[in-house]
$ cat data_27.cif   # mmCIF, N, CA and C atoms and all ligand atoms
data_final
loop_
_atom_site.label_atom_id
_atom_site.label_comp_id
_atom_site.auth_asym_id
_atom_site.auth_seq_id
_atom_site.Cartn_x
_atom_site.Cartn_y
_atom_site.Cartn_z
N MET A 9 86.32 105.38 113.14
CA MET A 9 85.89 106.47 112.24
C MET A 9 86.16 106.06 110.79
N ASN A 10 85.13 106.19 109.94
CA ASN A 10 85.35 105.96 108.51
C ASN A 10 86.14 107.13 107.93
N ILE A 11 87.15 106.79 107.17
CA ILE A 11 87.97 107.80 106.50
C ILE A 11 88.06 107.44 105.02
N TYR A 12 87.61 108.35 104.19
CA TYR A 12 87.59 108.11 102.75
C TYR A 12 88.90 108.62 102.16
N ILE A 13 89.44 107.85 101.22
CA ILE A 13 90.79 108.11 100.74
C ILE A 13 90.82 108.16 99.22
N ASP A 14 91.70 109.00 98.70
CA ASP A 14 92.05 108.92 97.28
C ASP A 14 93.53 109.24 97.14
N THR A 15 94.15 108.60 96.17
CA THR A 15 95.55 108.92 95.86
C THR A 15 95.67 109.17 94.36
N GLU A 16 96.67 109.94 94.01
CA GLU A 16 97.09 110.05 92.61
C GLU A 16 98.48 109.48 92.53
N PHE A 17 98.77 108.84 91.40
CA PHE A 17 100.09 108.21 91.25
C PHE A 17 100.51 108.27 89.79
N ASN A 18 101.79 108.02 89.57
CA ASN A 18 102.39 108.25 88.26
C ASN A 18 102.12 107.06 87.32
N ASP A 19 100.91 107.04 86.81
CA ASP A 19 100.46 105.97 85.91
C ASP A 19 100.47 104.60 86.61
N PHE A 20 100.15 103.58 85.85
CA PHE A 20 100.01 102.24 86.41
C PHE A 20 101.32 101.79 87.04
N GLY A 21 101.26 101.45 88.33
CA GLY A 21 102.45 100.97 89.01
C GLY A 21 103.41 102.07 89.44
N GLY A 22 103.08 103.32 89.15
CA GLY A 22 104.00 104.42 89.47
C GLY A 22 103.90 104.87 90.91
N GLU A 23 104.83 105.74 91.31
CA GLU A 23 104.89 106.19 92.69
C GLU A 23 103.73 107.13 93.02
N MET A 24 103.38 107.19 94.31
CA MET A 24 102.32 108.07 94.76
C MET A 24 102.73 109.53 94.59
N ILE A 25 101.79 110.34 94.14
CA ILE A 25 102.02 111.77 93.97
C ILE A 25 101.25 112.57 95.03
N SER A 26 100.04 112.15 95.32
CA SER A 26 99.26 112.88 96.32
C SER A 26 98.36 111.92 97.07
N LEU A 27 98.06 112.32 98.31
CA LEU A 27 97.24 111.51 99.22
C LEU A 27 96.21 112.45 99.85
N GLY A 28 94.94 112.13 99.63
CA GLY A 28 93.87 112.93 100.24
C GLY A 28 92.96 112.02 101.05
N MET A 29 92.55 112.51 102.22
CA MET A 29 91.64 111.74 103.07
C MET A 29 90.67 112.70 103.75
N VAL A 30 89.46 112.21 103.97
CA VAL A 30 88.48 113.01 104.71
C VAL A 30 87.65 112.07 105.57
N ASP A 31 87.39 112.49 106.82
CA ASP A 31 86.58 111.65 107.68
C ASP A 31 85.12 112.11 107.65
N GLU A 32 84.29 111.46 108.43
CA GLU A 32 82.85 111.73 108.36
C GLU A 32 82.43 113.02 109.06
N THR A 33 83.39 113.74 109.62
CA THR A 33 83.09 115.07 110.13
C THR A 33 83.64 116.15 109.19
N GLY A 34 84.33 115.74 108.13
CA GLY A 34 84.94 116.69 107.21
C GLY A 34 86.40 116.99 107.52
N ARG A 35 86.91 116.45 108.62
CA ARG A 35 88.34 116.64 108.94
C ARG A 35 89.18 115.98 107.84
N ASP A 36 90.18 116.72 107.34
CA ASP A 36 90.87 116.19 106.17
C ASP A 36 92.38 116.21 106.31
N PHE A 37 92.98 115.43 105.41
CA PHE A 37 94.44 115.33 105.30
C PHE A 37 94.78 115.41 103.83
N TYR A 38 95.82 116.19 103.50
CA TYR A 38 96.24 116.25 102.11
C TYR A 38 97.74 116.48 102.07
N ALA A 39 98.42 115.72 101.26
CA ALA A 39 99.86 115.90 101.10
C ALA A 39 100.26 115.55 99.68
N VAL A 40 101.29 116.23 99.22
CA VAL A 40 101.76 116.11 97.83
C VAL A 40 103.24 115.79 97.84
N LEU A 41 103.64 114.83 97.01
CA LEU A 41 105.05 114.47 96.86
C LEU A 41 105.55 114.94 95.50
N ASN A 42 106.84 115.19 95.42
CA ASN A 42 107.43 115.63 94.16
C ASN A 42 107.50 114.46 93.18
N CYS A 43 106.91 114.65 92.01
CA CYS A 43 106.98 113.63 90.97
C CYS A 43 108.05 114.04 89.97
N GLN A 44 109.15 113.31 89.97
CA GLN A 44 110.32 113.73 89.17
C GLN A 44 110.10 113.58 87.68
N ASP A 45 109.35 112.54 87.31
CA ASP A 45 109.26 112.23 85.88
C ASP A 45 107.82 111.82 85.53
N PRO A 46 106.90 112.80 85.59
CA PRO A 46 105.50 112.45 85.36
C PRO A 46 105.26 112.01 83.92
N SER A 47 104.36 111.05 83.76
CA SER A 47 103.96 110.66 82.41
C SER A 47 103.23 111.84 81.77
N PRO A 48 103.11 111.84 80.45
CA PRO A 48 102.40 112.96 79.80
C PRO A 48 100.98 113.15 80.33
N TRP A 49 100.27 112.05 80.58
CA TRP A 49 98.90 112.17 81.09
C TRP A 49 98.90 112.79 82.49
N VAL A 50 99.80 112.33 83.33
CA VAL A 50 99.89 112.86 84.69
C VAL A 50 100.31 114.33 84.66
N ALA A 51 101.25 114.67 83.79
CA ALA A 51 101.70 116.06 83.68
C ALA A 51 100.56 116.97 83.25
N ALA A 52 99.66 116.45 82.44
CA ALA A 52 98.56 117.26 81.93
C ALA A 52 97.36 117.30 82.87
N ASN A 53 97.13 116.22 83.63
CA ASN A 53 95.88 116.10 84.39
C ASN A 53 96.03 116.13 85.91
N VAL A 54 97.17 115.75 86.41
CA VAL A 54 97.34 115.64 87.87
C VAL A 54 98.20 116.79 88.41
N ILE A 55 99.36 117.00 87.81
CA ILE A 55 100.29 118.00 88.34
C ILE A 55 99.64 119.40 88.40
N PRO A 56 98.86 119.81 87.38
CA PRO A 56 98.30 121.17 87.43
C PRO A 56 97.29 121.40 88.55
N VAL A 57 96.72 120.34 89.10
CA VAL A 57 95.68 120.52 90.13
C VAL A 57 96.15 120.07 91.52
N LEU A 58 97.46 119.91 91.71
CA LEU A 58 97.95 119.48 93.02
C LEU A 58 97.61 120.52 94.10
N GLY A 59 97.85 121.80 93.78
CA GLY A 59 97.37 122.87 94.65
C GLY A 59 98.10 123.03 95.97
N GLN A 60 99.27 122.44 96.09
CA GLN A 60 100.00 122.53 97.36
C GLN A 60 101.47 122.27 97.09
N PRO A 61 102.38 122.91 97.84
CA PRO A 61 103.81 122.62 97.66
C PRO A 61 104.13 121.17 98.01
N TYR A 62 105.24 120.68 97.47
CA TYR A 62 105.67 119.32 97.73
C TYR A 62 106.14 119.16 99.16
N ALA A 63 105.85 117.99 99.72
CA ALA A 63 106.46 117.58 100.99
C ALA A 63 107.44 116.45 100.67
N SER A 64 108.39 116.23 101.56
CA SER A 64 109.20 115.02 101.45
C SER A 64 108.36 113.85 101.94
N LEU A 65 108.75 112.63 101.57
CA LEU A 65 108.02 111.46 102.06
C LEU A 65 108.05 111.40 103.59
N ARG A 66 109.21 111.73 104.17
CA ARG A 66 109.33 111.70 105.63
C ARG A 66 108.37 112.70 106.28
N MET A 67 108.25 113.88 105.66
CA MET A 67 107.33 114.89 106.21
C MET A 67 105.88 114.42 106.09
N LEU A 68 105.55 113.83 104.92
CA LEU A 68 104.21 113.29 104.74
C LEU A 68 103.92 112.25 105.83
N GLN A 69 104.89 111.39 106.09
CA GLN A 69 104.67 110.32 107.07
C GLN A 69 104.51 110.88 108.48
N GLN A 70 105.29 111.90 108.81
CA GLN A 70 105.16 112.51 110.15
C GLN A 70 103.78 113.16 110.31
N ARG A 71 103.34 113.86 109.27
CA ARG A 71 102.02 114.50 109.32
C ARG A 71 100.92 113.45 109.38
N LEU A 72 101.10 112.37 108.61
CA LEU A 72 100.09 111.31 108.56
C LEU A 72 99.94 110.65 109.94
N GLN A 73 101.06 110.37 110.59
CA GLN A 73 100.99 109.75 111.92
C GLN A 73 100.28 110.67 112.91
N ALA A 74 100.62 111.95 112.86
CA ALA A 74 100.00 112.91 113.78
C ALA A 74 98.50 113.01 113.50
N TRP A 75 98.14 113.02 112.23
CA TRP A 75 96.72 113.16 111.85
C TRP A 75 95.93 111.93 112.29
N LEU A 76 96.47 110.76 112.05
CA LEU A 76 95.76 109.52 112.40
C LEU A 76 95.66 109.32 113.92
N SER A 77 96.58 109.94 114.66
CA SER A 77 96.61 109.70 116.11
C SER A 77 95.38 110.29 116.81
N ALA A 78 94.60 111.10 116.12
CA ALA A 78 93.40 111.69 116.72
C ALA A 78 92.27 110.67 116.87
N TYR A 79 92.40 109.50 116.23
CA TYR A 79 91.30 108.53 116.21
C TYR A 79 91.57 107.36 117.14
N ARG A 80 90.47 106.82 117.70
CA ARG A 80 90.59 105.62 118.52
C ARG A 80 90.79 104.40 117.62
N THR A 81 89.99 104.35 116.54
CA THR A 81 90.19 103.33 115.50
C THR A 81 90.00 104.02 114.15
N VAL A 82 90.63 103.43 113.14
CA VAL A 82 90.59 104.02 111.79
C VAL A 82 90.09 102.97 110.81
N HIS A 83 89.08 103.35 110.02
CA HIS A 83 88.60 102.46 108.96
C HIS A 83 88.72 103.21 107.63
N ILE A 84 89.70 102.81 106.83
CA ILE A 84 89.99 103.49 105.57
C ILE A 84 89.10 102.90 104.47
N VAL A 85 88.41 103.76 103.74
CA VAL A 85 87.50 103.32 102.68
C VAL A 85 87.96 103.90 101.35
N ALA A 86 88.15 103.02 100.36
CA ALA A 86 88.61 103.45 99.03
C ALA A 86 87.67 102.91 97.97
N ASP A 87 87.75 103.50 96.79
CA ASP A 87 86.98 102.96 95.66
C ASP A 87 87.88 102.19 94.70
N TRP A 88 89.16 102.06 95.07
CA TRP A 88 90.11 101.43 94.15
C TRP A 88 91.26 100.83 94.95
N PRO A 89 91.67 99.58 94.64
CA PRO A 89 92.69 98.92 95.46
C PRO A 89 94.04 99.64 95.53
N GLU A 90 94.42 100.33 94.45
CA GLU A 90 95.73 100.99 94.48
C GLU A 90 95.80 102.09 95.54
N ASP A 91 94.65 102.71 95.85
CA ASP A 91 94.66 103.73 96.91
C ASP A 91 95.08 103.11 98.23
N ILE A 92 94.57 101.90 98.49
CA ILE A 92 94.94 101.18 99.71
C ILE A 92 96.42 100.80 99.67
N ALA A 93 96.88 100.36 98.50
CA ALA A 93 98.29 99.96 98.37
C ALA A 93 99.22 101.14 98.66
N HIS A 94 98.90 102.30 98.10
CA HIS A 94 99.77 103.47 98.32
C HIS A 94 99.71 103.94 99.77
N PHE A 95 98.51 103.89 100.36
CA PHE A 95 98.38 104.26 101.78
C PHE A 95 99.24 103.34 102.64
N CYS A 96 99.12 102.03 102.40
CA CYS A 96 99.89 101.08 103.21
C CYS A 96 101.38 101.27 103.02
N ARG A 97 101.78 101.54 101.80
CA ARG A 97 103.21 101.77 101.57
C ARG A 97 103.70 103.00 102.35
N ALA A 98 102.83 104.02 102.45
CA ALA A 98 103.21 105.24 103.18
C ALA A 98 103.35 104.99 104.67
N LEU A 99 102.76 103.91 105.17
CA LEU A 99 102.87 103.59 106.59
C LEU A 99 104.23 102.98 106.94
N ILE A 100 104.96 102.54 105.91
CA ILE A 100 106.25 101.88 106.13
C ILE A 100 107.36 102.93 106.03
N THR A 101 108.16 103.05 107.07
CA THR A 101 109.19 104.08 107.09
C THR A 101 110.59 103.54 106.83
N GLY A 102 110.75 102.22 106.88
CA GLY A 102 112.07 101.63 106.65
C GLY A 102 111.97 100.14 106.89
N PRO A 103 113.08 99.43 106.74
CA PRO A 103 113.04 97.98 106.95
C PRO A 103 112.57 97.65 108.36
N GLY A 104 111.43 96.97 108.46
CA GLY A 104 110.91 96.60 109.77
C GLY A 104 110.40 97.77 110.59
N MET A 105 110.22 98.93 109.97
CA MET A 105 109.78 100.12 110.71
C MET A 105 108.52 100.68 110.07
N ARG A 106 107.59 101.11 110.93
CA ARG A 106 106.30 101.60 110.43
C ARG A 106 105.83 102.76 111.28
N LEU A 107 104.86 103.49 110.75
CA LEU A 107 104.21 104.52 111.54
C LEU A 107 103.40 103.85 112.65
N ASP A 108 103.31 104.55 113.76
CA ASP A 108 102.43 104.10 114.82
C ASP A 108 101.03 104.61 114.48
N THR A 109 100.07 103.72 114.38
CA THR A 109 98.70 104.13 114.05
C THR A 109 97.73 103.50 115.04
N PRO A 110 96.53 104.08 115.15
CA PRO A 110 95.48 103.39 115.89
C PRO A 110 95.15 102.09 115.17
N PRO A 111 94.41 101.16 115.82
CA PRO A 111 93.97 99.96 115.11
C PRO A 111 93.30 100.34 113.79
N LEU A 112 93.67 99.62 112.73
CA LEU A 112 93.39 100.08 111.38
C LEU A 112 92.74 98.97 110.57
N THR A 113 91.62 99.29 109.91
CA THR A 113 91.03 98.36 108.95
C THR A 113 90.90 99.06 107.62
N LEU A 114 90.80 98.28 106.55
CA LEU A 114 90.84 98.80 105.19
C LEU A 114 89.71 98.17 104.38
N GLU A 115 89.07 98.98 103.53
CA GLU A 115 87.94 98.48 102.75
C GLU A 115 87.98 99.08 101.33
N VAL A 116 87.71 98.23 100.34
CA VAL A 116 87.58 98.70 98.96
C VAL A 116 86.14 98.46 98.53
N ARG A 117 85.48 99.51 98.08
CA ARG A 117 84.07 99.40 97.69
C ARG A 117 83.88 99.78 96.22
N ARG A 118 83.25 98.87 95.50
CA ARG A 118 83.04 99.12 94.07
C ARG A 118 81.85 100.03 93.81
N ASP A 119 81.03 100.27 94.85
CA ASP A 119 79.85 101.11 94.64
C ASP A 119 80.16 102.60 94.83
N LEU A 120 81.40 102.93 95.15
CA LEU A 120 81.77 104.33 95.36
C LEU A 120 82.55 104.84 94.16
N ASN A 121 82.52 106.16 93.98
CA ASN A 121 83.33 106.77 92.91
C ASN A 121 83.53 108.25 93.19
N SER A 122 84.45 108.84 92.44
CA SER A 122 84.77 110.26 92.62
C SER A 122 84.27 111.10 91.45
N GLU A 123 83.26 110.61 90.77
CA GLU A 123 82.78 111.31 89.57
C GLU A 123 82.33 112.74 89.85
N ALA A 124 81.84 112.99 91.06
CA ALA A 124 81.33 114.32 91.39
C ALA A 124 82.42 115.25 91.94
N SER A 125 83.68 114.88 91.77
CA SER A 125 84.76 115.69 92.34
C SER A 125 84.74 117.12 91.82
N ALA A 126 84.93 118.08 92.75
CA ALA A 126 84.99 119.50 92.37
C ALA A 126 86.24 119.78 91.54
N ILE A 127 87.31 119.04 91.80
CA ILE A 127 88.56 119.19 91.03
C ILE A 127 89.06 117.77 90.72
N PRO A 128 88.63 117.19 89.59
CA PRO A 128 89.05 115.82 89.28
C PRO A 128 90.57 115.67 89.27
N HIS A 129 91.04 114.60 89.88
CA HIS A 129 92.45 114.24 90.00
C HIS A 129 93.18 115.04 91.07
N ASN A 130 92.46 115.90 91.80
CA ASN A 130 93.00 116.42 93.06
C ASN A 130 92.55 115.42 94.13
N ALA A 131 93.51 114.77 94.79
CA ALA A 131 93.18 113.63 95.65
C ALA A 131 92.25 114.02 96.80
N LEU A 132 92.40 115.23 97.34
CA LEU A 132 91.51 115.62 98.44
C LEU A 132 90.08 115.83 97.95
N GLU A 133 89.94 116.53 96.83
CA GLU A 133 88.59 116.72 96.28
C GLU A 133 87.98 115.39 95.84
N ASP A 134 88.80 114.52 95.31
CA ASP A 134 88.30 113.18 94.92
C ASP A 134 87.86 112.39 96.16
N ALA A 135 88.63 112.50 97.24
CA ALA A 135 88.25 111.80 98.48
C ALA A 135 86.92 112.34 99.01
N ARG A 136 86.74 113.67 98.93
CA ARG A 136 85.46 114.26 99.37
C ARG A 136 84.31 113.74 98.50
N ALA A 137 84.56 113.58 97.20
CA ALA A 137 83.52 113.07 96.31
C ALA A 137 83.20 111.61 96.62
N ILE A 138 84.22 110.84 96.99
CA ILE A 138 83.99 109.43 97.36
C ILE A 138 83.15 109.37 98.65
N TRP A 139 83.48 110.24 99.60
CA TRP A 139 82.67 110.34 100.83
C TRP A 139 81.22 110.68 100.45
N SER A 140 81.06 111.64 99.57
CA SER A 140 79.71 112.05 99.15
C SER A 140 78.98 110.89 98.47
N SER A 141 79.66 110.12 97.65
CA SER A 141 79.00 109.00 96.99
C SER A 141 78.64 107.91 98.00
N ALA A 142 79.42 107.80 99.07
CA ALA A 142 79.09 106.83 100.13
C ALA A 142 77.83 107.26 100.87
N GLN A 143 77.67 108.56 101.08
CA GLN A 143 76.47 109.04 101.76
C GLN A 143 75.23 108.77 100.91
N LYS A 144 75.37 108.97 99.60
CA LYS A 144 74.23 108.70 98.70
C LYS A 144 73.87 107.22 98.72
N THR A 145 74.89 106.37 98.64
CA THR A 145 74.66 104.92 98.64
C THR A 145 73.95 104.51 99.92
N THR A 146 74.42 105.05 101.04
CA THR A 146 73.84 104.71 102.33
C THR A 146 72.36 105.12 102.36
N THR A 147 72.07 106.32 101.86
CA THR A 147 70.70 106.82 101.87
C THR A 147 69.82 105.97 100.97
N GLU A 148 70.33 105.68 99.78
CA GLU A 148 69.50 104.97 98.81
C GLU A 148 69.22 103.52 99.22
N GLU A 149 70.18 102.91 99.83
CA GLU A 149 70.00 101.49 100.15
C GLU A 149 69.59 101.27 101.60
N GLY A 150 69.56 102.35 102.38
CA GLY A 150 69.13 102.25 103.76
C GLY A 150 70.06 101.42 104.64
N ARG A 151 71.33 101.35 104.25
CA ARG A 151 72.26 100.59 105.07
C ARG A 151 73.05 101.56 105.96
N PRO A 152 73.58 101.06 107.02
CA PRO A 152 74.41 101.92 107.87
C PRO A 152 75.71 102.25 107.18
MG MG B 201 91.71 110.72 92.16
#
$ encode --input "data_27.cif" --output "structure tokens" --more "lines below"
Ligand SMILES: [Mg+2]
Amino acid sequence: MNIYIDTEFNDFGGEMISLGMVDETGRDFYAVLNCQDPSPWVAANVIPVLGQPYASLRMLQQRLQAWLSAYRTVHIVADWPEDIAHFCRALITGPGMRLDTPPLTLEVRRDLNSEASAIPHNALEDARAIWSSAQKTTTEEGRP
């Protein structure tokens, strides 16, 4: 199953703040982490549109494992490499320990974007917009 992903994070190199994903049936995942020291840009543009109470990282990971377990295989699609980096980091629970996931592949596509997001910088709405841009690309280019 293709799953479109977006993350928000605390500026370049900063920690993940939110993780949004949506699959090709519209089934979605969204989780928010507490950002202790947001940059001014993040405080102005990301924090106000989080739209959900904070989870702990452990809670996010437990929910993520349960959500992913519904799939036989998972193909994560992003429009930006850092989204993949933050997702992969969330799969690691400790030294030598990881979430149990279905077989997983990862893809970064430069032809996708979240420009049509209903709530820019809300990771779930951005992920939905990336999914929508993928549908347009597929239609326009006639590719699967
Ligand atoms: Mg975003």
$ select_by_dssp --input "data_27.cif" --residues "chain A" --states "strand (DSSP E or B)" --output "ChimeraX atom specification"
/A:10-17,24-31,36-41,63,82-86,100-102,105-106,112-116
$ residues_near_ligand --input "data_27.cif" --ligand "ligand MG 201 (chain B)" --cutoff "8 Å" --atoms "only C-alpha atoms and all ligand atoms" --output "PyMOL selection string"
chain A and resi 14-16+122+128-135
$ atom_distance --input "data_27.cif" --atom1 "atom C of Met67 (chain A)" --atom2 "atom C of Phe17 (chain A)"
18.2 Å
$ closest_residue --input "data_27.cif" --among "A:Asp45, A:Asp31, A:His94, A:Ser141" --to "Met9 (chain A)" --atoms "all atoms listed in the file"
A:Asp31
$ residues_near_point --input "data_27.cif" --point "(90.1, 99.1, 110.4)" --cutoff "6 Å" --atoms "only C-alpha atoms" --output "PDB file with N, CA and C atoms, keeping the file's coordinate frame"
ATOM      1  N   VAL A  82      90.630 103.430 113.140  1.00  0.00           N
ATOM      2  CA  VAL A  82      90.590 104.020 111.790  1.00  0.00           C
ATOM      3  C   VAL A  82      90.090 102.970 110.810  1.00  0.00           C
ATOM      4  N   HIS A  83      89.080 103.350 110.020  1.00  0.00           N
ATOM      5  CA  HIS A  83      88.600 102.460 108.960  1.00  0.00           C
ATOM      6  C   HIS A  83      88.720 103.210 107.630  1.00  0.00           C
ATOM      7  N   LEU A 112      93.670  99.620 112.730  1.00  0.00           N
ATOM      8  CA  LEU A 112      93.390 100.080 111.380  1.00  0.00           C
ATOM      9  C   LEU A 112      92.740  98.970 110.570  1.00  0.00           C
ATOM     10  N   THR A 113      91.620  99.290 109.910  1.00  0.00           N
ATOM     11  CA  THR A 113      91.030  98.360 108.950  1.00  0.00           C
ATOM     12  C   THR A 113      90.900  99.060 107.620  1.00  0.00           C
ATOM     13  N   LEU A 114      90.800  98.280 106.550  1.00  0.00           N
ATOM     14  CA  LEU A 114      90.840  98.800 105.190  1.00  0.00           C
ATOM     15  C   LEU A 114      89.710  98.170 104.380  1.00  0.00           C
TER      16      LEU A 114
END
$ closest_residue --input "data_27.cif" --among "A:Val54, A:Val85, A:Leu65, A:Ile100" --to "Asn121 (chain A)" --atoms "only C-alpha atoms"
A:Val85
$ atom_distance --input "data_27.cif" --atom1 "CA of Tyr38 (chain A)" --atom2 "atom C of Gln69 (chain A)"
11.7 Å
$ atom_distance --input "data_27.cif" --atom1 "CA of Thr145 (chain A)" --atom2 "CA of Phe20 (chain A)"
28.3 Å
$ select_by_dssp --input "data_27.cif" --residues "region 11-91 of chain A" --states "alpha helix (DSSP H)" --output "PyMOL selection string"
chain A and resi 48-53+65-76+89-91
$ residues_around --input "data_27.cif" --residues "Pro110 (chain A)" --least-positions-apart "2" --cutoff "12 Å" --atoms "only C-alpha atoms" --output "count of residues only"
19
$ closest_residue --input "data_27.cif" --among "A:Val50, A:Tyr62, A:Thr33, A:Ser140" --to "Asp19 (chain A)" --atoms "all atoms listed in the file"
A:Val50
$ axis_aligned_box --input "data_27.cif" --around "region 133-144 of chain A" --padding-each-side "4 Å" --output "AutoDock Vina command-line options"
--center_x 81.9 --center_y 111.8 --center_z 98.3 --size_x 24.1 --size_y 17.9 --size_z 14.8
$ residues_around --input "data_27.cif" --residues "Glu115 (chain A)" --least-positions-apart "6" --cutoff "12 Å" --atoms "only C-alpha atoms" --output "mmCIF file with N, CA and C atoms, in the frame of the given file"
data_model
loop_
_atom_site.group_PDB
_atom_site.id
_atom_site.type_symbol
_atom_site.label_atom_id
_atom_site.label_comp_id
_atom_site.auth_asym_id
_atom_site.auth_seq_id
_atom_site.Cartn_x
_atom_site.Cartn_y
_atom_site.Cartn_z
ATOM 1 N N ASN A 10 85.130 106.190 109.940
ATOM 2 C CA ASN A 10 85.350 105.960 108.510
ATOM 3 C C ASN A 10 86.140 107.130 107.930
ATOM 4 N N ILE A 11 87.150 106.790 107.170
ATOM 5 C CA ILE A 11 87.970 107.800 106.500
ATOM 6 C C ILE A 11 88.060 107.440 105.020
ATOM 7 N N TYR A 12 87.610 108.350 104.190
ATOM 8 C CA TYR A 12 87.590 108.110 102.750
ATOM 9 C C TYR A 12 88.900 108.620 102.160
ATOM 10 N N ILE A 13 89.440 107.850 101.220
ATOM 11 C CA ILE A 13 90.790 108.110 100.740
ATOM 12 C C ILE A 13 90.820 108.160 99.220
ATOM 13 N N VAL A 82 90.630 103.430 113.140
ATOM 14 C CA VAL A 82 90.590 104.020 111.790
ATOM 15 C C VAL A 82 90.090 102.970 110.810
ATOM 16 N N HIS A 83 89.080 103.350 110.020
ATOM 17 C CA HIS A 83 88.600 102.460 108.960
ATOM 18 C C HIS A 83 88.720 103.210 107.630
ATOM 19 N N ILE A 84 89.700 102.810 106.830
ATOM 20 C CA ILE A 84 89.990 103.490 105.570
ATOM 21 C C ILE A 84 89.100 102.900 104.470
ATOM 22 N N VAL A 85 88.410 103.760 103.740
ATOM 23 C CA VAL A 85 87.500 103.320 102.680
ATOM 24 C C VAL A 85 87.960 103.900 101.350
ATOM 25 N N ALA A 86 88.150 103.020 100.360
ATOM 26 C CA ALA A 86 88.610 103.450 99.030
ATOM 27 C C ALA A 86 87.670 102.910 97.970
ATOM 28 N N ASP A 87 87.750 103.500 96.790
ATOM 29 C CA ASP A 87 86.980 102.960 95.660
ATOM 30 C C ASP A 87 87.880 102.190 94.700
ATOM 31 N N TRP A 88 89.160 102.060 95.070
ATOM 32 C CA TRP A 88 90.110 101.430 94.150
ATOM 33 C C TRP A 88 91.260 100.830 94.950
ATOM 34 N N PRO A 89 91.670 99.580 94.640
ATOM 35 C CA PRO A 89 92.690 98.920 95.460
ATOM 36 C C PRO A 89 94.040 99.640 95.530
ATOM 37 N N GLU A 90 94.420 100.330 94.450
ATOM 38 C CA GLU A 90 95.730 100.990 94.480
ATOM 39 C C GLU A 90 95.800 102.090 95.540
ATOM 40 N N ASP A 91 94.650 102.710 95.850
ATOM 41 C CA ASP A 91 94.660 103.730 96.910
ATOM 42 C C ASP A 91 95.080 103.110 98.230
ATOM 43 N N ILE A 92 94.570 101.900 98.490
ATOM 44 C CA ILE A 92 94.940 101.180 99.710
ATOM 45 C C ILE A 92 96.420 100.800 99.670
ATOM 46 N N ALA A 93 96.880 100.360 98.500
ATOM 47 C CA ALA A 93 98.290 99.960 98.370
ATOM 48 C C ALA A 93 99.220 101.140 98.660
ATOM 49 N N PHE A 95 98.510 103.890 100.360
ATOM 50 C CA PHE A 95 98.380 104.260 101.780
ATOM 51 C C PHE A 95 99.240 103.340 102.640
#
$ build_atoms --input "data_27.cif" --residues "region 118-122 of chain A" --atoms "all heavy atoms" --output "mmCIF file, keeping the file's coordinate frame"
data_model
loop_
_atom_site.group_PDB
_atom_site.id
_atom_site.type_symbol
_atom_site.label_atom_id
_atom_site.label_comp_id
_atom_site.auth_asym_id
_atom_site.auth_seq_id
_atom_site.Cartn_x
_atom_site.Cartn_y
_atom_site.Cartn_z
ATOM 1 N N ARG A 118 83.250 98.870 95.500
ATOM 2 C CA ARG A 118 83.040 99.120 94.070
ATOM 3 C C ARG A 118 81.850 100.030 93.810
ATOM 4 O O ARG A 118 81.637 100.470 92.688
ATOM 5 C CB ARG A 118 82.833 97.787 93.339
ATOM 6 C CG ARG A 118 84.055 96.906 93.441
ATOM 7 C CD ARG A 118 84.101 95.917 92.332
ATOM 8 N NE ARG A 118 84.397 96.560 91.059
ATOM 9 C CZ ARG A 118 84.699 95.910 89.953
ATOM 10 N NH1 ARG A 118 84.745 94.612 89.959
ATOM 11 N NH2 ARG A 118 84.955 96.558 88.837
ATOM 12 N N ASP A 119 81.030 100.270 94.850
ATOM 13 C CA ASP A 119 79.850 101.110 94.640
ATOM 14 C C ASP A 119 80.160 102.600 94.830
ATOM 15 O O ASP A 119 79.275 103.429 94.671
ATOM 16 C CB ASP A 119 78.732 100.697 95.609
ATOM 17 C CG ASP A 119 79.147 100.831 97.071
ATOM 18 O OD1 ASP A 119 80.316 100.525 97.393
ATOM 19 O OD2 ASP A 119 78.308 101.250 97.886
ATOM 20 N N LEU A 120 81.400 102.930 95.150
ATOM 21 C CA LEU A 120 81.770 104.330 95.360
ATOM 22 C C LEU A 120 82.550 104.840 94.160
ATOM 23 O O LEU A 120 83.182 104.074 93.441
ATOM 24 C CB LEU A 120 82.624 104.479 96.617
ATOM 25 C CG LEU A 120 82.026 103.917 97.902
ATOM 26 C CD1 LEU A 120 82.971 104.161 99.066
ATOM 27 C CD2 LEU A 120 80.656 104.526 98.176
ATOM 28 N N ASN A 121 82.520 106.160 93.980
ATOM 29 C CA ASN A 121 83.330 106.770 92.910
ATOM 30 C C ASN A 121 83.530 108.250 93.190
ATOM 31 O O ASN A 121 82.854 108.822 94.045
ATOM 32 C CB ASN A 121 82.686 106.557 91.536
ATOM 33 C CG ASN A 121 81.387 107.306 91.421
ATOM 34 O OD1 ASN A 121 81.371 108.529 91.308
ATOM 35 N ND2 ASN A 121 80.262 106.587 91.495
ATOM 36 N N SER A 122 84.450 108.840 92.440
ATOM 37 C CA SER A 122 84.770 110.260 92.620
ATOM 38 C C SER A 122 84.270 111.100 91.450
ATOM 39 O O SER A 122 84.792 112.183 91.195
ATOM 40 C CB SER A 122 86.280 110.440 92.800
ATOM 41 O OG SER A 122 86.958 109.972 91.646
#
